[in-house]
Structures are given as C-alpha cells and as structure tokens.
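Engineer: Below you'll find upload.txt; it's compact mmCIF, C-alpha atoms and all ligand atoms.
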# COMPACT_ATOMS: atom_id res chain seq x y z
CA MET E 1 -33.44 192.08 5.41
CA GLN E 2 -33.84 193.58 8.87
CA ARG E 3 -32.55 196.90 7.54
CA LEU E 4 -35.40 196.93 4.99
CA VAL E 5 -37.93 196.08 7.71
CA ASP E 6 -36.54 198.98 9.76
CA LEU E 7 -36.76 201.38 6.80
CA LEU E 8 -40.39 200.29 6.21
CA GLY E 9 -41.10 200.80 9.91
CA GLN E 10 -39.81 204.40 9.74
CA ALA E 11 -41.59 205.27 6.46
CA LYS E 12 -44.93 207.02 6.19
CA ARG E 13 -44.99 207.86 2.47
CA ILE E 14 -43.57 205.01 0.40
CA VAL E 15 -43.43 205.02 -3.40
CA ALA E 16 -42.43 201.89 -5.32
CA PHE E 17 -40.69 202.23 -8.69
CA THR E 18 -40.89 198.91 -10.51
CA GLY E 19 -39.64 197.22 -13.65
CA ALA E 20 -40.04 193.93 -15.46
CA GLY E 21 -38.06 192.08 -12.77
CA VAL E 22 -41.07 192.22 -10.43
CA SER E 23 -43.07 190.12 -12.95
CA THR E 24 -40.59 187.35 -13.77
CA GLU E 25 -41.77 185.37 -10.73
CA SER E 26 -45.21 185.50 -12.35
CA GLY E 27 -43.76 183.76 -15.41
CA LEU E 28 -43.33 186.87 -17.59
CA PRO E 29 -40.02 187.72 -19.25
CA ASP E 30 -38.01 190.79 -18.40
CA TYR E 31 -36.18 192.69 -21.14
CA ARG E 32 -32.43 192.59 -20.33
CA GLY E 33 -32.10 189.73 -17.88
CA GLU E 34 -30.92 186.18 -18.60
CA LYS E 35 -33.97 185.30 -20.76
CA GLY E 36 -35.03 188.86 -21.57
CA VAL E 37 -37.30 189.89 -24.44
CA TRP E 38 -34.44 191.94 -25.96
CA LYS E 39 -31.87 189.15 -25.50
CA ASP E 40 -32.14 188.04 -29.14
CA VAL E 41 -34.33 190.84 -30.49
CA ASP E 42 -33.22 194.40 -31.22
CA PRO E 43 -35.95 196.67 -29.78
CA MET E 44 -35.00 199.36 -32.27
CA ALA E 45 -35.90 196.98 -35.08
CA LYS E 46 -39.19 195.79 -33.57
CA ALA E 47 -40.79 198.05 -30.97
CA THR E 48 -40.53 201.59 -32.28
CA ARG E 49 -43.10 204.05 -33.58
CA ASP E 50 -41.19 204.20 -36.86
CA VAL E 51 -41.48 200.41 -37.34
CA LEU E 52 -45.23 200.57 -36.54
CA LEU E 53 -45.69 203.21 -39.27
CA GLY E 54 -43.07 201.94 -41.75
CA ASP E 55 -43.46 198.16 -41.46
CA PRO E 56 -46.85 197.43 -39.86
CA VAL E 57 -46.82 193.79 -40.96
CA GLY E 58 -43.45 193.19 -39.24
CA PHE E 59 -44.48 195.28 -36.23
CA TRP E 60 -47.70 193.40 -35.53
CA GLU E 61 -46.08 190.01 -36.16
CA SER E 62 -43.44 190.64 -33.48
CA PHE E 63 -45.78 192.56 -31.14
CA ARG E 64 -48.19 189.61 -31.02
CA GLU E 65 -45.26 187.20 -30.56
CA LEU E 66 -43.50 189.25 -27.88
CA PHE E 67 -46.42 190.59 -25.86
CA LEU E 68 -49.74 188.95 -26.69
CA ARG E 69 -48.82 185.39 -25.78
CA TRP E 70 -48.24 186.17 -22.11
CA GLY E 71 -51.39 184.27 -21.19
CA ASP E 72 -53.03 184.74 -17.84
CA ALA E 73 -50.14 185.75 -15.57
CA GLN E 74 -51.01 186.23 -11.91
CA PRO E 75 -49.55 188.69 -9.39
CA ASN E 76 -46.72 187.35 -7.22
CA ALA E 77 -45.62 188.11 -3.65
CA CYS E 78 -44.01 191.41 -4.66
CA HIS E 79 -47.16 192.78 -6.33
CA LYS E 80 -49.22 191.60 -3.34
CA ALA E 81 -46.84 193.14 -0.80
CA LEU E 82 -47.05 196.54 -2.50
CA ALA E 83 -50.86 196.32 -2.61
CA LYS E 84 -50.83 195.44 1.12
CA LEU E 85 -48.58 198.40 1.96
CA GLU E 86 -51.04 200.64 0.07
CA GLU E 87 -53.96 199.12 2.01
CA MET E 88 -52.06 199.81 5.26
CA GLY E 89 -51.87 203.47 4.19
CA LEU E 90 -48.06 203.41 3.95
CA LEU E 91 -47.58 203.21 0.18
CA GLN E 92 -48.79 206.22 -1.80
CA ALA E 93 -48.25 204.94 -5.34
CA VAL E 94 -46.59 202.42 -7.58
CA VAL E 95 -44.70 204.01 -10.49
CA THR E 96 -44.21 201.19 -12.96
CA GLN E 97 -42.48 200.74 -16.31
CA ASN E 98 -44.46 197.51 -16.76
CA ILE E 99 -47.36 197.10 -19.19
CA ASP E 100 -48.67 193.82 -17.73
CA GLY E 101 -51.24 195.28 -15.30
CA LEU E 102 -50.19 192.90 -12.50
CA HIS E 103 -49.99 195.66 -9.88
CA GLN E 104 -53.68 196.46 -10.42
CA LYS E 105 -54.52 192.74 -10.51
CA ALA E 106 -52.88 192.45 -7.05
CA GLY E 107 -55.10 195.27 -5.73
CA SER E 108 -52.88 198.36 -6.10
CA ARG E 109 -55.09 201.35 -6.89
CA HIS E 110 -52.60 204.20 -7.33
CA VAL E 111 -50.47 202.97 -10.24
CA TYR E 112 -48.69 205.26 -12.72
CA GLU E 113 -48.00 203.25 -15.89
CA LEU E 114 -45.13 205.19 -17.46
CA HIS E 115 -44.93 202.94 -20.53
CA GLY E 116 -48.66 202.40 -21.00
CA HIS E 117 -50.50 199.08 -20.79
CA LEU E 118 -51.77 196.12 -22.79
CA ARG E 119 -55.46 196.53 -21.91
CA THR E 120 -56.46 198.44 -25.06
CA VAL E 121 -55.39 199.56 -28.54
CA ARG E 122 -56.54 202.71 -30.39
CA CYS E 123 -57.10 204.12 -33.87
CA MET E 124 -54.49 206.72 -34.84
CA HIS E 125 -57.05 208.44 -37.11
CA CYS E 126 -60.22 208.70 -34.98
CA GLU E 127 -58.73 207.81 -31.54
CA ARG E 128 -61.40 205.12 -31.03
CA SER E 129 -60.34 202.65 -28.30
CA PHE E 130 -60.65 198.86 -28.58
CA PRO E 131 -60.01 196.09 -26.01
CA ILE E 132 -56.74 194.22 -26.70
CA ASP E 133 -58.73 191.17 -27.88
CA TYR E 134 -59.59 193.19 -30.98
CA VAL E 135 -56.02 192.64 -32.25
CA LYS E 136 -55.79 189.11 -30.84
CA GLU E 137 -58.89 188.09 -32.81
CA GLN E 138 -57.73 189.40 -36.17
CA ALA E 139 -54.49 188.34 -37.84
CA GLY E 140 -52.22 190.71 -39.76
CA VAL E 141 -52.39 194.49 -39.54
CA PRO E 142 -55.50 195.62 -37.60
CA SER E 143 -57.64 198.47 -38.93
CA CYS E 144 -60.47 200.64 -37.69
CA SER E 145 -63.89 200.93 -39.38
CA CYS E 146 -63.14 204.66 -39.91
CA SER E 147 -60.37 203.72 -42.34
CA PRO E 148 -60.81 200.09 -43.47
CA GLY E 149 -57.62 198.32 -44.52
CA GLN E 150 -55.39 201.28 -43.65
CA GLY E 151 -53.75 199.68 -40.59
CA SER E 152 -54.58 202.65 -38.36
CA ILE E 153 -54.56 200.74 -35.04
CA ARG E 154 -51.71 201.09 -32.52
CA PRO E 155 -51.14 199.57 -29.05
CA ASP E 156 -51.58 201.78 -25.94
CA VAL E 157 -48.00 201.11 -24.89
CA VAL E 158 -45.22 203.70 -25.13
CA LEU E 159 -43.05 202.54 -28.03
CA PHE E 160 -39.43 203.62 -28.45
CA GLY E 161 -39.75 207.02 -30.08
CA ASP E 162 -43.06 207.81 -28.32
CA PRO E 163 -43.16 210.39 -25.52
CA ILE E 164 -44.23 209.27 -22.03
CA PRO E 165 -47.66 210.89 -21.35
CA VAL E 166 -46.76 214.16 -19.62
CA GLU E 167 -49.53 214.02 -17.00
CA THR E 168 -48.47 210.51 -15.94
CA PHE E 169 -44.81 211.48 -15.78
CA ARG E 170 -45.51 214.65 -13.78
CA ALA E 171 -47.77 212.80 -11.32
CA ALA E 172 -45.10 210.11 -10.83
CA GLU E 173 -42.41 212.78 -10.38
CA ASP E 174 -44.55 214.53 -7.76
CA ALA E 175 -45.27 211.31 -5.83
CA ILE E 176 -41.56 210.45 -5.72
CA ALA E 177 -40.59 213.98 -4.66
CA LYS E 178 -43.01 213.73 -1.70
CA ALA E 179 -42.04 210.21 -0.62
CA ASP E 180 -39.84 209.40 2.36
CA LEU E 181 -38.93 205.94 1.03
CA ILE E 182 -38.47 204.97 -2.64
CA MET E 183 -38.41 201.21 -3.27
CA VAL E 184 -36.75 200.60 -6.65
CA LEU E 185 -37.63 197.01 -7.49
CA GLY E 186 -36.74 194.71 -10.39
CA THR E 187 -35.44 197.23 -12.88
CA SER E 188 -32.12 197.68 -14.67
CA LEU E 189 -32.75 201.46 -14.76
CA ALA E 190 -31.49 201.28 -18.35
CA VAL E 191 -34.19 203.36 -20.07
CA ALA E 192 -34.55 207.14 -19.81
CA PRO E 193 -36.39 209.26 -18.89
CA ALA E 194 -38.17 206.75 -16.61
CA CYS E 195 -34.89 205.66 -14.99
CA TRP E 196 -34.21 209.20 -13.77
CA LEU E 197 -37.43 209.47 -11.76
CA PRO E 198 -35.99 207.85 -8.57
CA LEU E 199 -33.20 210.48 -8.66
CA ASN E 200 -35.89 213.12 -8.19
CA LYS E 201 -36.45 212.12 -4.55
CA GLY E 202 -36.60 214.54 -1.65
CA LYS E 203 -33.37 215.42 0.18
CA HIS E 204 -34.16 213.28 3.26
CA ALA E 205 -35.88 210.40 1.47
CA ARG E 206 -34.25 206.98 1.55
CA THR E 207 -33.90 204.65 -1.44
CA VAL E 208 -33.83 200.85 -1.52
CA TYR E 209 -32.76 198.92 -4.65
CA VAL E 210 -33.78 195.25 -4.91
CA ASN E 211 -32.58 193.52 -8.07
CA LEU E 212 -30.70 190.44 -9.26
CA GLU E 213 -27.90 192.56 -10.69
CA PRO E 214 -26.49 196.08 -10.35
CA PRO E 215 -28.29 198.97 -12.10
CA ARG E 216 -27.27 200.10 -15.59
CA LEU E 217 -28.31 203.66 -14.93
CA VAL E 218 -27.42 206.29 -17.52
CA ALA E 219 -26.19 209.31 -15.48
CA HIS E 220 -28.31 212.45 -15.67
CA PRO E 221 -26.43 215.68 -16.39
CA ARG E 222 -28.17 217.62 -13.61
CA LEU E 223 -29.55 215.03 -11.17
CA PRO E 224 -27.55 213.39 -8.35
CA THR E 225 -25.95 209.97 -8.84
CA PHE E 226 -28.14 206.97 -7.94
CA ARG E 227 -26.84 205.98 -4.51
CA PRO E 228 -29.35 203.73 -2.72
CA ASP E 229 -29.27 203.64 1.10
CA LEU E 230 -29.78 199.88 0.87
CA ILE E 231 -29.06 197.42 -1.98
CA ILE E 232 -30.43 193.88 -1.76
CA GLN E 233 -29.33 191.45 -4.46
CA GLY E 234 -32.06 188.83 -4.68
CA LYS E 235 -35.40 187.77 -6.11
CA VAL E 236 -37.77 190.58 -5.35
CA GLY E 237 -40.80 188.34 -4.80
CA GLU E 238 -38.92 186.29 -2.20
CA VAL E 239 -37.44 189.40 -0.55
CA MET E 240 -40.80 191.16 -0.28
CA ALA E 241 -42.56 188.03 1.00
CA GLN E 242 -39.97 187.68 3.78
CA VAL E 243 -39.96 191.39 4.61
CA MET E 244 -43.75 191.52 4.87
CA THR E 245 -43.74 188.51 7.19
CA ASP E 246 -41.25 190.25 9.50
CA PHE E 247 -42.87 193.68 9.00
CA ARG E 248 -46.40 192.56 9.89
CA VAL E 249 -45.05 191.46 13.23
CA ILE E 250 -44.04 195.03 14.08
CA ALA E 251 -46.62 196.91 12.01
CA ILE E 252 -49.87 195.39 13.30
N1 LIG M 301 -36.02 189.69 -8.73
C1 LIG M 301 -35.18 190.76 -8.80
N2 LIG M 301 -34.66 191.22 -9.97
C2 LIG M 301 -35.03 190.56 -11.10
C3 LIG M 301 -35.90 189.44 -11.10
C4 LIG M 301 -36.38 189.01 -9.84
N3 LIG M 301 -37.22 187.95 -9.71
N4 LIG M 301 -36.06 189.02 -12.39
C5 LIG M 301 -35.32 189.86 -13.16
N5 LIG M 301 -34.71 190.77 -12.39
C6 LIG M 301 -33.87 191.90 -12.80
C7 LIG M 301 -33.02 191.66 -14.02
O1 LIG M 301 -31.76 191.14 -13.63
C8 LIG M 301 -32.89 193.09 -14.58
O2 LIG M 301 -31.77 193.75 -14.02
O3 LIG M 301 -34.78 192.93 -13.16
C9 LIG M 301 -34.15 193.79 -14.10
C10 LIG M 301 -35.14 194.06 -15.21
O4 LIG M 301 -34.53 195.00 -16.08
P1 LIG M 301 -35.04 195.11 -17.58
O5 LIG M 301 -35.19 193.75 -18.15
O6 LIG M 301 -34.16 196.10 -18.28
O7 LIG M 301 -36.52 195.70 -17.44
P2 LIG M 301 -36.91 197.20 -17.07
O8 LIG M 301 -35.91 197.82 -16.19
O9 LIG M 301 -38.32 197.16 -16.64
O10 LIG M 301 -36.84 197.89 -18.53
C11 LIG M 301 -37.27 199.23 -18.65
O11 LIG M 301 -37.12 199.03 -21.05
O12 LIG M 301 -37.55 197.93 -23.03
C12 LIG M 301 -37.97 198.91 -22.20
O13 LIG M 301 -40.19 199.64 -22.10
C13 LIG M 301 -39.35 198.59 -21.69
O14 LIG M 301 -40.32 199.20 -19.57
C14 LIG M 301 -39.19 198.59 -20.18
C15 LIG M 301 -37.94 199.42 -19.98
Take the structure in this file and express it as structure tokens.

Structural biologist:
Amino acid sequence: MQRLVDLLGQAKRIVAFTGAGVSTESGLPDYRGEKGVWKDVDPMAKATRDVLLGDPVGFWESFRELFLRWGDAQPNACHKALAKLEEMGLLQAVVTQNIDGLHQKAGSRHVYELHGHLRTVRCMHCERSFPIDYVKEQAGVPSCSCSPGQGSIRPDVVLFGDPIPVETFRAAEDAIAKADLIMVLGTSLAVAPACWLPLNKGKHARTVYVNLEPPRLVAHPRLPTFRPDLIIQGKVGEVMAQVMTDFRVIAI
C-alpha cells in the first residue's frame, strides 16, 4: 500500500480507468466476477443492438431485469477517493466503463462514460430524449409519440455492436496520454476497444492495477503489453480508503 501512496505523492496528473468492480461495494453487480451479470446470461443474446432491433420484447424484458432494478446505489470509498483526488487538483479525469453514474454522484466532475449511462433513453426516429423513468413507468416495448407503438426507444448505453462515441473515446485517449499516473481499478479489461485505452499511456507514465483477479486483457496488435508498475489484489474500496488515509497525512 505504501508503494501506491508514494506513486500518488509523485503524481501531478492522475487519470483513473474504472470498471464494474469499483461499484460492487455499493451493492451493484459486476459482469464477469463471482456473481457477475454475465455469469448466467449470454450478453450476445441479451444486450446487443441486433437484439434491440430484432427482439425488442426480449431486449426490454432483460434490460429492465438486469439494469433497472439497481435501486438507489450510493458511491463507496473508491468513488469518493477519486472525487477527492480531483478536488485536490491531482486527478484530471475518470474514464469509466460503468453506466451507473456513481462517480458523478460522489462528486467527480470530469467523467468520460465510454459505455454511456442509465440517466436517459432516446427515440431512434426523432432523437427525442426521455429520463430513464419513462421506460420504468411503462411495461413492454417503449415507444415515442412520433411513432406510436413502433418501439423506437433505445437506452443511452453502448450496446454490444454499437460504436463508442468518438468524441468521448478521443477525449479519454487524450487524458490518458497526458497523465503521469493511470489507476486501473476494478476492471477485467476484457472488452475492447475500451480495454486498450490504458495501453495508450505516455512513455514515462506509471500504471497501477487494483482488482480482485488478474486482467483478461486481449492483446492489441500494435500497442505495448499491459505491464502495470504496481498490482494490488484486493477490494478497491478498501484499498482506496486506506491509501487516502495514509495519503492525506503526506498530502495536506
Ligand atoms: N474490488 C476490486 N475488484 C473487484 C471488486 C472489488 N470490490 N469487485 C469485483 N472486482 C473485479 C472482478 O473480479 C472483475 O475482475 O472487477 C472486475 C470487473 O470486471 P468485469 O465484471 O468484466 O467488468 P468490466 O471490466 O467493467 O467490464 C467491461 O464489459 O459487459 C461489458 O459494457 C460492459 O462496461 C462493461 C465491460
């Protein structure tokens, strides 16, 4: 842990790259861990753009089941630590694969949501945006008034088969390239192209990987292998709470 405190003490431009593992201590499931969302569900059969368009009844049934029953999760020590590091002027951005909005709830202001968010849904015909409650309040396949009964609503999350919004990806890539410390927290690094972003770090930047298990990174043909300077196997909320306690002693 001291090594992480030292790395934080030397860093001036930190970027955090987070995955679902930073939200499990808030009571939300991850995807590939012990009780992950995809443990008994094949994402390719449930959470793709093709399923949304080809089987909207099945899509919305599982989408509501998988994502809209999360209730009122609250940020945990990891989310709060990253918001604190941003407030101290040390953390430039959080690049997250998460759609739960807990980084913003903890106070982080510079958050790049690579896979979208659960705050709104939109009409695929007229692009009108609706708060997420619009699909919670109506059962079945939601529609827009511009095309009643045609099931033209989709969530504002990046489904398998959707592209990541280019401007978000480029901004995240740029933040990571300029960082001197990349904190890769609570992610299996199993899903491209998001998982390759931490490989895009500057030559002298350091990387820390905090996770319960080793990464499942798919190698990139042209980017360097993922070789963190520090690997901590542990619960990221507990690790960050401890580190911040030690770090505040030297930082303030
Ligand atoms: N502390 C540290 N690590 C944890 C914790 C915790 N409290 N809880 C879970 N983990 C680890 C799990 O062991 C797992 O290795 O976090 C990792 C989460 O990995 P995934 O479940 O694969 O989630 P993520 O990496 O965010 O998935 C990326 O896949 O399905 C898509 O779009 C979805 O954004 C998601 C993407």

Engineer: Identify, counting only C-alpha atoms and all ligand atoms, the protein, DNA and RNA residues located within 7 Å of ligand LIG 301 (chain M), and give them as a ChimeraX atom specification.

Structural biologist: /E:18-22,24-25,30-33,36,97-98,115,185-191,210-215,234-237

Engineer: Tell me, in Å to one decimal, how far CA of Ala11 in chain E is from CA of Ile182 in chain E.

Structural biologist: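 For CA of Ala11 in chain E relative to CA of Ile182 in chain E, the distance reads 9.6 Å.
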
Engineer: Using only C-alpha atoms, pick whichever of E:Ser62, E:Ala194, E:Val5, E:Lys84 has the shortest atom-to-atom distance to Pro163 in chain E.

Structural biologist: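 Distance minimum relative to Pro163 in chain E lands on E:Ala194.
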
Engineer: So which residues fall inside 12 Å of (-44.9, 202.2, -33.0) if we count only C-alpha atoms? Mind giving them as a count of residues only?

Structural biologist: 36

Engineer: Tell me which protein, DNA and RNA residues are within 6 Å of range 74-82 of chain E, counting all atoms listed in the file, leaving out same-chain ones fewer than 2 positions away, and put them as a PyMOL selection string.

Structural biologist: chain E and resi 26+84-85+102-103+106+237+240-241

Engineer: Work out how far apart CA of Ser108 in chain E and CA of Ala205 in chain E are and give it in Å to one decimal.

Structural biologist: 22.2 Å

Engineer: Select, from E:Ile232, E:Leu68, E:Val184, E:Met88, the residue with the minimum atom-to-atom distance to Asp133 in chain E, counting all atoms listed in the file.

Structural biologist: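 Smallest separation from Asp133 in chain E among the options: E:Leu68.
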
Engineer: So that I can see what lies close to Gly101 in chain E, please list as a CSV table (one decimal) with C-alpha atoms, keeping the file's coordinate frame the residues with an atom at most 8 Å from it, counting all atoms listed in the file and leaving out residues fewer than 3 positions away in the same chain.

Structural biologist:
chain,number,residue,atom,x,y,z
E,98,ASN,CA,-44.5,197.5,-16.8
E,104,GLN,CA,-53.7,196.5,-10.4
E,105,LYS,CA,-54.5,192.7,-10.5
E,117,HIS,CA,-50.5,199.1,-20.8
E,118,LEU,CA,-51.8,196.1,-22.8
E,119,ARG,CA,-55.5,196.5,-21.9

Engineer: I'd like the interatomic distance between CA of Glu86 in chain E and CA of Ile231 in chain E, to a tenth of an Å.

Structural biologist: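 Taking CA of Glu86 in chain E as the start and CA of Ile231 in chain E as the end point, the length is 22.3 Å.
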
Engineer: Fewer than 5 positions away in the same chain doesn't count, so skip those; otherwise give me all residues within 10 Å of range 173-180 of chain E, counting only C-alpha atoms, as a ChimeraX atom specification.

Structural biologist: /E:7-8,10-17,91-95,112,167-168,194,196-207

Engineer: Taking only C-alpha atoms into account, name the residue in E:Gln138, E:Glu238, E:Ala172, E:Val243 that is nearest to Arg64 in chain E.

Structural biologist: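 Ranking E:Gln138, E:Glu238, E:Ala172, E:Val243 by distance to Arg64 in chain E, first place goes to E:Gln138.
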
Engineer: Give the answer as one residue: which of E:Val208, E:Ser147, E:Arg222, E:Trp70 has the shortest atom-to-atom distance to Met1 in chain E, using only C-alpha atoms?

Structural biologist: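 Of E:Val208, E:Ser147, E:Arg222, E:Trp70, the one nearest Met1 in chain E is E:Val208, counting only C-alpha atoms.
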
Engineer: So which one's closest to Phe67 in chain E, E:Cys144, E:Val111, E:Met183, E:Ile132? Using all atoms listed in the file, please.

Structural biologist: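 For Phe67 in chain E, the nearest of the given residues is E:Ile132.
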
Engineer: Pick from E:Phe130, E:Glu34, E:Leu90, E:Leu181: nearest to Asp229 in chain E, with all atoms listed in the file counted?

Structural biologist: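 Using all atoms listed in the file, the shortest distance to Asp229 in chain E belongs to E:Leu181.
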
Engineer: Generate the missing atoms of range 152-183 of chain E up to N, CA and C atoms and report them as an mmCIF file, in the frame of the given file.

Structural biologist:
data_model
loop_
_atom_site.group_PDB
_atom_site.id
_atom_site.type_symbol
_atom_site.label_atom_id
_atom_site.label_comp_id
_atom_site.auth_asym_id
_atom_site.auth_seq_id
_atom_site.Cartn_x
_atom_site.Cartn_y
_atom_site.Cartn_z
ATOM 1 N N SER E 152 -54.706 201.438 -39.182
ATOM 2 C CA SER E 152 -54.580 202.650 -38.360
ATOM 3 C C SER E 152 -54.575 202.375 -36.857
ATOM 4 N N ILE E 153 -54.504 201.069 -36.486
ATOM 5 C CA ILE E 153 -54.560 200.740 -35.040
ATOM 6 C C ILE E 153 -53.147 200.707 -34.458
ATOM 7 N N ARG E 154 -53.008 201.198 -33.215
ATOM 8 C CA ARG E 154 -51.710 201.090 -32.520
ATOM 9 C C ARG E 154 -51.964 200.642 -31.084
ATOM 10 N N PRO E 155 -50.966 199.979 -30.442
ATOM 11 C CA PRO E 155 -51.140 199.570 -29.050
ATOM 12 C C PRO E 155 -51.054 200.790 -28.113
ATOM 13 N N ASP E 156 -51.657 200.682 -26.918
ATOM 14 C CA ASP E 156 -51.580 201.780 -25.940
ATOM 15 C C ASP E 156 -50.365 201.613 -25.040
ATOM 16 N N VAL E 157 -49.271 201.136 -25.632
ATOM 17 C CA VAL E 157 -48.000 201.110 -24.890
ATOM 18 C C VAL E 157 -47.115 202.211 -25.474
ATOM 19 N N VAL E 158 -46.168 202.674 -24.677
ATOM 20 C CA VAL E 158 -45.220 203.700 -25.130
ATOM 21 C C VAL E 158 -44.112 202.982 -25.898
ATOM 22 N N LEU E 159 -44.075 203.175 -27.189
ATOM 23 C CA LEU E 159 -43.050 202.540 -28.030
ATOM 24 C C LEU E 159 -41.784 203.397 -27.980
ATOM 25 N N PHE E 160 -40.648 202.803 -28.322
ATOM 26 C CA PHE E 160 -39.430 203.620 -28.450
ATOM 27 C C PHE E 160 -39.700 204.678 -29.508
ATOM 28 N N GLY E 161 -39.445 205.910 -29.149
ATOM 29 C CA GLY E 161 -39.750 207.020 -30.080
ATOM 30 C C GLY E 161 -41.019 207.748 -29.711
ATOM 31 N N ASP E 162 -41.855 207.118 -28.825
ATOM 32 C CA ASP E 162 -43.060 207.810 -28.320
ATOM 33 C C ASP E 162 -42.667 208.603 -27.069
ATOM 34 N N PRO E 163 -43.362 209.706 -26.813
ATOM 35 C CA PRO E 163 -43.160 210.390 -25.520
ATOM 36 C C PRO E 163 -43.925 209.678 -24.425
ATOM 37 N N ILE E 164 -43.424 209.751 -23.168
ATOM 38 C CA ILE E 164 -44.230 209.270 -22.030
ATOM 39 C C ILE E 164 -45.323 210.311 -21.808
ATOM 40 N N PRO E 165 -46.594 209.906 -21.603
ATOM 41 C CA PRO E 165 -47.660 210.890 -21.350
ATOM 42 C C PRO E 165 -47.264 211.856 -20.234
ATOM 43 N N VAL E 166 -47.298 213.146 -20.532
ATOM 44 C CA VAL E 166 -46.760 214.160 -19.620
ATOM 45 C C VAL E 166 -47.463 214.126 -18.257
ATOM 46 N N GLU E 167 -48.812 213.961 -18.285
ATOM 47 C CA GLU E 167 -49.530 214.020 -17.000
ATOM 48 C C GLU E 167 -49.138 212.825 -16.122
ATOM 49 N N THR E 168 -48.892 211.687 -16.721
ATOM 50 C CA THR E 168 -48.470 210.510 -15.940
ATOM 51 C C THR E 168 -47.076 210.735 -15.368
ATOM 52 N N PHE E 169 -46.192 211.255 -16.215
ATOM 53 C CA PHE E 169 -44.810 211.480 -15.780
ATOM 54 C C PHE E 169 -44.760 212.512 -14.640
ATOM 55 N N ARG E 170 -45.508 213.586 -14.816
ATOM 56 C CA ARG E 170 -45.510 214.650 -13.780
ATOM 57 C C ARG E 170 -46.082 214.133 -12.461
ATOM 58 N N ALA E 171 -47.153 213.341 -12.544
ATOM 59 C CA ALA E 171 -47.770 212.800 -11.320
ATOM 60 C C ALA E 171 -46.799 211.843 -10.619
ATOM 61 N N ALA E 172 -46.082 211.041 -11.402
ATOM 62 C CA ALA E 172 -45.100 210.110 -10.830
ATOM 63 C C ALA E 172 -43.944 210.882 -10.191
ATOM 64 N N GLU E 173 -43.503 211.914 -10.882
ATOM 65 C CA GLU E 173 -42.410 212.780 -10.380
ATOM 66 C C GLU E 173 -42.814 213.410 -9.041
ATOM 67 N N ASP E 174 -44.055 213.859 -8.969
ATOM 68 C CA ASP E 174 -44.550 214.530 -7.760
ATOM 69 C C ASP E 174 -44.649 213.543 -6.590
ATOM 70 N N ALA E 175 -45.145 212.339 -6.896
ATOM 71 C CA ALA E 175 -45.270 211.310 -5.830
ATOM 72 C C ALA E 175 -43.898 210.962 -5.275
ATOM 73 N N ILE E 176 -42.917 210.806 -6.151
ATOM 74 C CA ILE E 176 -41.560 210.450 -5.720
ATOM 75 C C ILE E 176 -40.941 211.592 -4.920
ATOM 76 N N ALA E 177 -41.167 212.815 -5.366
ATOM 77 C CA ALA E 177 -40.590 213.980 -4.660
ATOM 78 C C ALA E 177 -41.147 214.081 -3.238
ATOM 79 N N LYS E 178 -42.383 213.610 -3.016
ATOM 80 C CA LYS E 178 -43.010 213.730 -1.700
ATOM 81 C C LYS E 178 -42.796 212.497 -0.816
ATOM 82 N N ALA E 179 -42.190 211.472 -1.372
ATOM 83 C CA ALA E 179 -42.040 210.210 -0.620
ATOM 84 C C ALA E 179 -40.899 210.310 0.385
ATOM 85 N N ASP E 180 -40.993 209.472 1.449
ATOM 86 C CA ASP E 180 -39.840 209.400 2.360
ATOM 87 C C ASP E 180 -39.073 208.085 2.188
ATOM 88 N N LEU E 181 -39.643 207.181 1.368
ATOM 89 C CA LEU E 181 -38.930 205.940 1.030
ATOM 90 C C LEU E 181 -39.302 205.545 -0.402
ATOM 91 N N ILE E 182 -38.257 205.413 -1.246
ATOM 92 C CA ILE E 182 -38.470 204.970 -2.640
ATOM 93 C C ILE E 182 -37.950 203.530 -2.727
ATOM 94 N N MET E 183 -38.829 202.618 -3.103
ATOM 95 C CA MET E 183 -38.410 201.210 -3.270
ATOM 96 C C MET E 183 -38.266 200.946 -4.758
#
